[in-house]
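Listing of data_0.cif; format and content: mmCIF, C-alpha atoms.
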```
data_data
#
loop_
_atom_site.label_atom_id
_atom_site.label_comp_id
_atom_site.auth_asym_id
_atom_site.auth_seq_id
_atom_site.Cartn_x
_atom_site.Cartn_y
_atom_site.Cartn_z
CA MET A 1 125.14 185.13 93.96
CA ASN A 2 124.48 184.51 97.63
CA LYS A 3 121.64 182.75 99.38
CA SER A 4 119.50 185.87 99.45
CA ASP A 5 119.91 186.33 95.67
CA LEU A 6 118.95 182.68 95.21
CA VAL A 7 115.83 183.32 97.28
CA SER A 8 114.99 186.34 95.11
CA MET A 9 115.38 184.33 91.90
CA MET A 10 113.17 181.55 93.25
CA GLU A 11 110.64 184.08 94.47
CA ALA A 12 110.37 185.49 90.94
CA LYS A 13 109.78 182.00 89.55
CA LEU A 14 107.31 180.93 92.25
CA LYS A 15 104.88 183.79 92.35
CA ASN A 16 102.44 181.95 94.62
CA LEU A 17 104.95 181.68 97.48
CA SER A 18 106.00 184.34 99.97
CA ARG A 19 109.66 185.26 100.42
CA ARG A 20 109.53 183.75 103.89
CA GLU A 21 108.36 180.42 102.48
CA VAL A 22 111.07 180.40 99.81
CA GLU A 23 113.69 181.17 102.48
CA MET A 24 112.42 178.28 104.59
CA ILE A 25 112.63 175.88 101.64
CA ILE A 26 116.17 176.86 100.75
CA ASP A 27 117.32 176.72 104.37
CA THR A 28 115.69 173.31 104.74
CA ILE A 29 117.54 172.01 101.68
CA PHE A 30 120.98 173.10 102.88
CA ASP A 31 120.29 172.13 106.50
CA GLN A 32 119.34 168.64 105.35
CA MET A 33 122.43 168.38 103.21
CA THR A 34 124.63 169.49 106.11
CA HIS A 35 122.89 167.01 108.39
CA ALA A 36 123.47 164.19 105.91
CA LEU A 37 127.19 164.95 105.74
CA VAL A 38 127.48 165.28 109.53
CA THR A 39 125.99 161.81 109.92
CA GLY A 40 128.47 160.50 107.35
CA ASP A 41 125.90 160.07 104.62
CA ARG A 42 126.72 160.70 100.98
CA ILE A 43 124.53 163.07 98.95
CA GLU A 44 123.78 162.51 95.32
CA ILE A 45 121.92 165.13 93.32
CA ARG A 46 121.54 163.76 89.81
CA GLY A 47 122.67 166.29 87.20
CA PHE A 48 124.31 168.50 89.81
CA GLY A 49 126.89 166.47 91.67
CA SER A 50 127.61 164.45 94.77
CA PHE A 51 128.97 165.30 98.19
CA GLU A 52 130.79 162.97 100.52
CA VAL A 53 132.96 163.09 103.60
CA ARG A 54 136.60 162.18 103.19
CA VAL A 55 138.96 161.46 106.04
CA ARG A 56 142.32 163.21 106.06
CA GLU A 57 145.02 161.26 107.85
CA PRO A 58 146.85 162.86 110.76
CA ARG A 59 150.10 164.50 109.74
CA LYS A 60 152.88 166.63 111.09
CA GLY A 61 152.48 170.15 109.91
CA ARG A 62 154.24 173.38 110.50
CA ASN A 63 153.02 176.74 111.62
CA PRO A 64 153.95 178.77 108.54
CA LYS A 65 154.50 181.90 110.63
CA THR A 66 156.76 180.56 113.35
CA GLY A 67 158.07 177.41 111.67
CA SER A 68 157.29 175.34 114.76
CA ALA A 69 156.11 171.77 114.21
CA VAL A 70 152.47 171.11 114.96
CA TYR A 71 150.51 167.90 114.86
CA VAL A 72 147.42 167.96 112.64
CA ASN A 73 144.82 165.46 113.84
CA THR A 74 142.69 163.19 111.65
CA ARG A 75 139.91 165.30 110.28
CA LYS A 76 136.93 164.96 108.02
CA VAL A 77 136.47 167.20 105.03
CA PRO A 78 133.52 167.56 102.71
CA PHE A 79 134.26 166.67 99.10
CA PHE A 80 132.17 167.68 96.09
CA LYS A 81 132.31 165.93 92.77
CA VAL A 82 130.56 167.78 89.98
CA GLY A 83 127.98 165.78 88.02
CA LYS A 84 128.43 165.03 84.34
CA GLU A 85 125.65 167.31 83.12
CA LEU A 86 126.76 170.34 85.14
CA LYS A 87 130.43 169.73 84.33
CA GLU A 88 129.63 169.91 80.63
CA ARG A 89 127.32 172.91 80.98
CA VAL A 90 129.91 174.91 82.92
CA ASN A 91 132.57 174.21 80.31
CA GLU A 92 130.40 174.89 77.27
CA THR A 93 130.45 178.65 77.75
CA LEU A 94 134.22 178.60 77.15
CA GLY A 95 135.59 181.61 75.35
CA SER A 96 132.62 183.80 76.18
CA MET B 1 120.81 161.01 100.54
CA THR B 2 119.18 161.72 97.21
CA LYS B 3 117.00 164.48 95.85
CA ALA B 4 113.94 162.37 96.73
CA GLU B 5 114.84 162.53 100.43
CA ILE B 6 115.35 166.29 100.28
CA VAL B 7 111.92 166.56 98.64
CA GLU B 8 110.47 164.42 101.44
CA THR B 9 111.86 166.74 104.14
CA VAL B 10 110.63 169.88 102.39
CA TYR B 11 107.23 168.21 102.08
CA GLU B 12 107.13 167.25 105.78
CA LYS B 13 108.48 170.51 107.14
CA ILE B 14 106.72 173.01 104.95
CA GLY B 15 103.70 171.14 103.78
CA PHE B 16 103.12 171.57 100.10
CA SER B 17 101.90 168.67 98.04
CA LYS B 18 104.63 166.18 97.22
CA LYS B 19 104.45 167.21 93.60
CA GLU B 20 104.94 170.89 94.50
CA ALA B 21 107.79 170.10 96.88
CA ALA B 22 109.50 168.07 94.14
CA GLU B 23 109.10 170.89 91.62
CA ILE B 24 110.47 173.49 94.01
CA VAL B 25 113.53 171.45 94.98
CA GLU B 26 114.18 170.74 91.30
CA MET B 27 113.88 174.46 90.61
CA VAL B 28 116.43 175.34 93.30
CA PHE B 29 119.06 173.08 91.73
CA ASP B 30 118.12 174.23 88.22
CA THR B 31 118.55 177.86 89.25
CA MET B 32 121.95 177.06 90.75
CA LYS B 33 122.98 175.22 87.58
CA GLU B 34 121.92 178.16 85.38
CA THR B 35 123.91 180.55 87.55
CA LEU B 36 127.07 178.41 87.46
CA GLU B 37 126.65 177.89 83.73
CA ARG B 38 126.93 181.67 83.32
CA GLY B 39 130.23 181.47 85.20
CA GLU B 40 128.84 183.19 88.26
CA LYS B 41 129.77 181.90 91.70
CA ILE B 42 127.28 180.90 94.37
CA LYS B 43 127.88 181.58 98.04
CA ILE B 44 125.69 179.70 100.48
CA SER B 45 126.58 180.96 103.94
CA GLY B 46 127.06 178.10 106.39
CA PHE B 47 127.46 175.57 103.59
CA GLY B 48 130.05 176.69 101.10
CA ASN B 49 130.88 178.41 97.83
CA PHE B 50 130.58 177.01 94.32
CA VAL B 51 133.10 178.67 92.06
CA VAL B 52 133.71 178.27 88.32
CA ARG B 53 137.43 178.40 87.63
CA GLN B 54 139.14 178.93 84.32
CA LYS B 55 141.93 176.42 83.68
CA ARG B 56 144.69 177.13 81.20
CA PRO B 57 145.73 174.49 78.68
CA ARG B 58 148.51 172.23 79.94
CA ILE B 59 150.47 169.22 78.81
CA GLY B 60 149.32 165.95 80.25
CA ARG B 61 150.44 162.41 79.70
CA ASN B 62 148.54 159.27 78.97
CA PRO B 63 149.59 157.21 81.98
CA GLN B 64 149.27 153.98 80.01
CA THR B 65 151.31 154.85 76.94
CA GLY B 66 153.38 157.76 78.26
CA GLU B 67 152.26 159.78 75.26
CA GLU B 68 152.09 163.54 75.78
CA ILE B 69 148.81 165.22 75.02
CA GLU B 70 147.53 168.74 75.42
CA ILE B 71 144.78 169.16 77.96
CA THR B 72 142.70 171.98 76.55
CA ALA B 73 141.69 175.13 78.42
CA ARG B 74 138.48 174.55 80.30
CA LYS B 75 136.17 175.77 82.97
CA VAL B 76 135.74 173.63 86.04
CA LEU B 77 133.43 173.87 88.99
CA THR B 78 134.95 173.74 92.45
CA PHE B 79 133.30 173.66 95.86
CA LYS B 80 134.89 175.37 98.83
CA PRO B 81 133.18 174.23 102.01
CA SER B 82 132.41 176.88 104.61
CA GLN B 83 134.28 176.95 107.91
CA ILE B 84 130.95 176.19 109.62
CA LEU B 85 130.42 173.00 107.59
CA LYS B 86 134.01 171.86 108.16
CA MET B 87 133.66 172.42 111.90
CA ALA B 88 130.31 170.60 112.00
CA LEU B 89 131.96 167.52 110.47
CA ASN B 90 134.68 167.42 113.12
CA LYS B 91 132.62 167.98 116.24
#
```

Could you write out this file's structure as structure tokens?
Amino acid sequence: MNKSDLVSMMEAKLKNLSRREVEMIIDTIFDQMTHALVTGDRIEIRGFGSFEVRVREPRKGRNPKTGSAVYVNTRKVPFFKVGKELKERVNETLGS
Amino acid sequence: MTKAEIVETVYEKIGFSKKEAAEIVEMVFDTMKETLERGEKIKISGFGNFVVRQKRPRIGRNPQTGEEIEITARKVLTFKPSQILKMALNK
């Protein structure tokens, strides 16, 4: 499912809204979440999970193609931790 | 940031009632949860992909007692951030 499929599903549930409005809502949600992470804020969506920014230390790496040593700078990476409810729901369908 | 703040932004930007904005935001996350529960992945361009992965059973160890135990097969949810999000964090 991509964002456009998500919009379609929401559109079917919210019959009083136009597709354009649903698109704006979904874009607003993910834009806000991106903005929160960019400003270093943590996001907690109860029942879904939490997002935070983790700092990766600088390290010496290697270009896997040429084998030459390269220096990898400190960088920030987004980290998602699945919430308890969703973790259990995802696992419950095991064997299906 | 919590869901309440996301609701607040949707309310300010798009202008439903607060109650409606809260219901819609809730519905977006519920729809995503239902999709992932079915084992289907979600791709949000510019943000990232949520993917349900099947893990095989493996032998683990209780770090306190050293006792070996089987970790059962399970499905786990992983998030792969988009290149755009990763770049935005390192600007």

If you apply the PyMOL selection byres ((chain B) within 6 of (chain A)) to this file, what residues do you get, as a PDB file with C-alpha atoms, in the frame of the given file?
```pdb
ATOM      1  CA  MET B   1     120.810 161.010 100.540  1.00  0.00           C
ATOM      2  CA  THR B   2     119.180 161.720  97.210  1.00  0.00           C
ATOM      3  CA  LYS B   3     117.000 164.480  95.850  1.00  0.00           C
ATOM      4  CA  GLU B  37     126.650 177.890  83.730  1.00  0.00           C
ATOM      5  CA  ILE B  42     127.280 180.900  94.370  1.00  0.00           C
ATOM      6  CA  LYS B  43     127.880 181.580  98.040  1.00  0.00           C
ATOM      7  CA  ILE B  44     125.690 179.700 100.480  1.00  0.00           C
ATOM      8  CA  ARG B  74     138.480 174.550  80.300  1.00  0.00           C
ATOM      9  CA  LYS B  75     136.170 175.770  82.970  1.00  0.00           C
ATOM     10  CA  LEU B  89     131.960 167.520 110.470  1.00  0.00           C
TER      11      LEU B  89
END
```

Anything within 10 Å of (116.2, 176.9, 90.6): list those residues as a PyMOL selection string, counting all atoms listed in the file and sticking to the file's coordinates. (chain A and resi 6-7+9-11+13-14) or (chain B and resi 23-35)

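The list of residues with at least one atom within 10 Å of Tyr71 in chain A, based on all atoms listed in the file and without residues fewer than 2 positions apart in the same chain, reads Pro58, Arg59, Lys60, Gly61, Arg62, Asn63, Ala69, Asn73 and Thr74 of chain A.
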
Can you tell me how far CA of Ser82 in chain B sits from CA of Leu36 in chain B, in Å to one decimal? 18.0 Å

How far is it from CA of Tyr11 in chain B to CA of Phe50 in chain B, in Å with one decimal? 26.1 Å

If you measure from CA of Gly39 in chain B to CA of Leu85 in chain B, what distance in Å do you get, rounded to one decimal? 23.9 Å

I'd like the box whose edges run along x, y and z of the file and which contains every listed atom of range 76-85 of chain A, padded by 3 Å per side; could you state its centre and edge lengths in Å, one decimal, as AutoDock Vina command-line options?
```
--center_x 131.3 --center_y 166.4 --center_z 95.6 --size_x 17.3 --size_y 8.8 --size_z 30.9
```

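Selection result for the displayed file, with the PyMOL selection byres ((chain B and resi 55) around 8) as criterion, is Arg53, Gln54, Arg56, Pro57, Ala73, Arg74, Lys75 and Val76 of chain B.
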
Just add N, CA and C atoms to range 6-42 of chain B and send it as a short mmCIF file (atom, residue, chain, number, x, y, z; two decimals), in the frame of the given file.
```
data_model
loop_
_atom_site.label_atom_id
_atom_site.label_comp_id
_atom_site.auth_asym_id
_atom_site.auth_seq_id
_atom_site.Cartn_x
_atom_site.Cartn_y
_atom_site.Cartn_z
N ILE B 6 115.44 164.84 100.04
CA ILE B 6 115.35 166.29 100.28
C ILE B 6 113.91 166.75 100.04
N VAL B 7 113.31 166.24 98.96
CA VAL B 7 111.92 166.56 98.64
C VAL B 7 111.02 166.14 99.81
N GLU B 8 111.26 164.95 100.32
CA GLU B 8 110.47 164.42 101.44
C GLU B 8 110.52 165.36 102.65
N THR B 9 111.72 165.84 102.99
CA THR B 9 111.86 166.74 104.14
C THR B 9 111.14 168.07 103.91
N VAL B 10 111.29 168.61 102.71
CA VAL B 10 110.63 169.88 102.39
C VAL B 10 109.12 169.68 102.51
N TYR B 11 108.65 168.55 102.03
CA TYR B 11 107.23 168.21 102.08
C TYR B 11 106.74 168.11 103.53
N GLU B 12 107.51 167.42 104.38
CA GLU B 12 107.13 167.25 105.78
C GLU B 12 107.19 168.54 106.57
N LYS B 13 108.25 169.31 106.33
CA LYS B 13 108.48 170.51 107.14
C LYS B 13 107.60 171.67 106.71
N ILE B 14 107.36 171.80 105.42
CA ILE B 14 106.72 173.01 104.95
C ILE B 14 105.30 172.76 104.47
N GLY B 15 105.06 171.52 104.03
CA GLY B 15 103.70 171.14 103.78
C GLY B 15 103.05 171.58 102.49
N PHE B 16 103.77 171.47 101.40
CA PHE B 16 103.12 171.57 100.10
C PHE B 16 102.70 170.16 99.73
N SER B 17 102.12 170.02 98.54
CA SER B 17 101.90 168.67 98.04
C SER B 17 103.27 168.10 97.68
N LYS B 18 103.35 166.80 97.58
CA LYS B 18 104.63 166.18 97.22
C LYS B 18 105.09 166.64 95.85
N LYS B 19 104.14 166.80 94.97
CA LYS B 19 104.45 167.21 93.60
C LYS B 19 105.05 168.62 93.61
N GLU B 20 104.43 169.51 94.39
CA GLU B 20 104.94 170.89 94.50
C GLU B 20 106.33 170.91 95.11
N ALA B 21 106.49 170.15 96.20
CA ALA B 21 107.79 170.10 96.88
C ALA B 21 108.87 169.62 95.90
N ALA B 22 108.54 168.61 95.11
CA ALA B 22 109.50 168.07 94.14
C ALA B 22 109.86 169.13 93.10
N GLU B 23 108.86 169.86 92.64
CA GLU B 23 109.10 170.89 91.62
C GLU B 23 109.97 172.01 92.16
N ILE B 24 109.70 172.38 93.42
CA ILE B 24 110.47 173.49 94.01
C ILE B 24 111.93 173.10 94.22
N VAL B 25 112.15 171.90 94.75
CA VAL B 25 113.53 171.45 94.98
C VAL B 25 114.28 171.37 93.64
N GLU B 26 113.59 170.83 92.64
CA GLU B 26 114.18 170.74 91.30
C GLU B 26 114.57 172.14 90.81
N MET B 27 113.67 173.09 91.06
CA MET B 27 113.88 174.46 90.61
C MET B 27 115.08 175.12 91.30
N VAL B 28 115.28 174.79 92.57
CA VAL B 28 116.43 175.34 93.30
C VAL B 28 117.73 174.88 92.63
N PHE B 29 117.83 173.59 92.35
CA PHE B 29 119.06 173.08 91.73
C PHE B 29 119.19 173.56 90.29
N ASP B 30 118.07 173.70 89.59
CA ASP B 30 118.12 174.23 88.22
C ASP B 30 118.62 175.67 88.21
N THR B 31 118.13 176.46 89.16
CA THR B 31 118.55 177.86 89.25
C THR B 31 120.04 177.94 89.55
N MET B 32 120.52 177.08 90.43
CA MET B 32 121.95 177.06 90.75
C MET B 32 122.76 176.66 89.52
N LYS B 33 122.27 175.68 88.78
CA LYS B 33 122.98 175.22 87.58
C LYS B 33 123.06 176.34 86.54
N GLU B 34 121.94 177.06 86.36
CA GLU B 34 121.92 178.16 85.38
C GLU B 34 122.92 179.24 85.76
N THR B 35 123.00 179.51 87.06
CA THR B 35 123.91 180.55 87.55
C THR B 35 125.37 180.14 87.30
N LEU B 36 125.70 178.90 87.63
CA LEU B 36 127.07 178.41 87.46
C LEU B 36 127.43 178.32 85.98
N GLU B 37 126.44 177.98 85.17
CA GLU B 37 126.65 177.89 83.73
C GLU B 37 127.07 179.24 83.16
N ARG B 38 126.54 180.32 83.74
CA ARG B 38 126.93 181.67 83.32
C ARG B 38 128.31 182.05 83.84
N GLY B 39 128.90 181.20 84.66
CA GLY B 39 130.23 181.47 85.20
C GLY B 39 130.18 182.24 86.50
N GLU B 40 128.99 182.43 87.02
CA GLU B 40 128.84 183.19 88.26
C GLU B 40 128.98 182.26 89.46
N LYS B 41 129.62 182.77 90.52
CA LYS B 41 129.77 181.90 91.70
C LYS B 41 128.57 181.98 92.62
N ILE B 42 128.40 180.95 93.42
CA ILE B 42 127.28 180.90 94.37
C ILE B 42 127.85 180.75 95.78
#
```
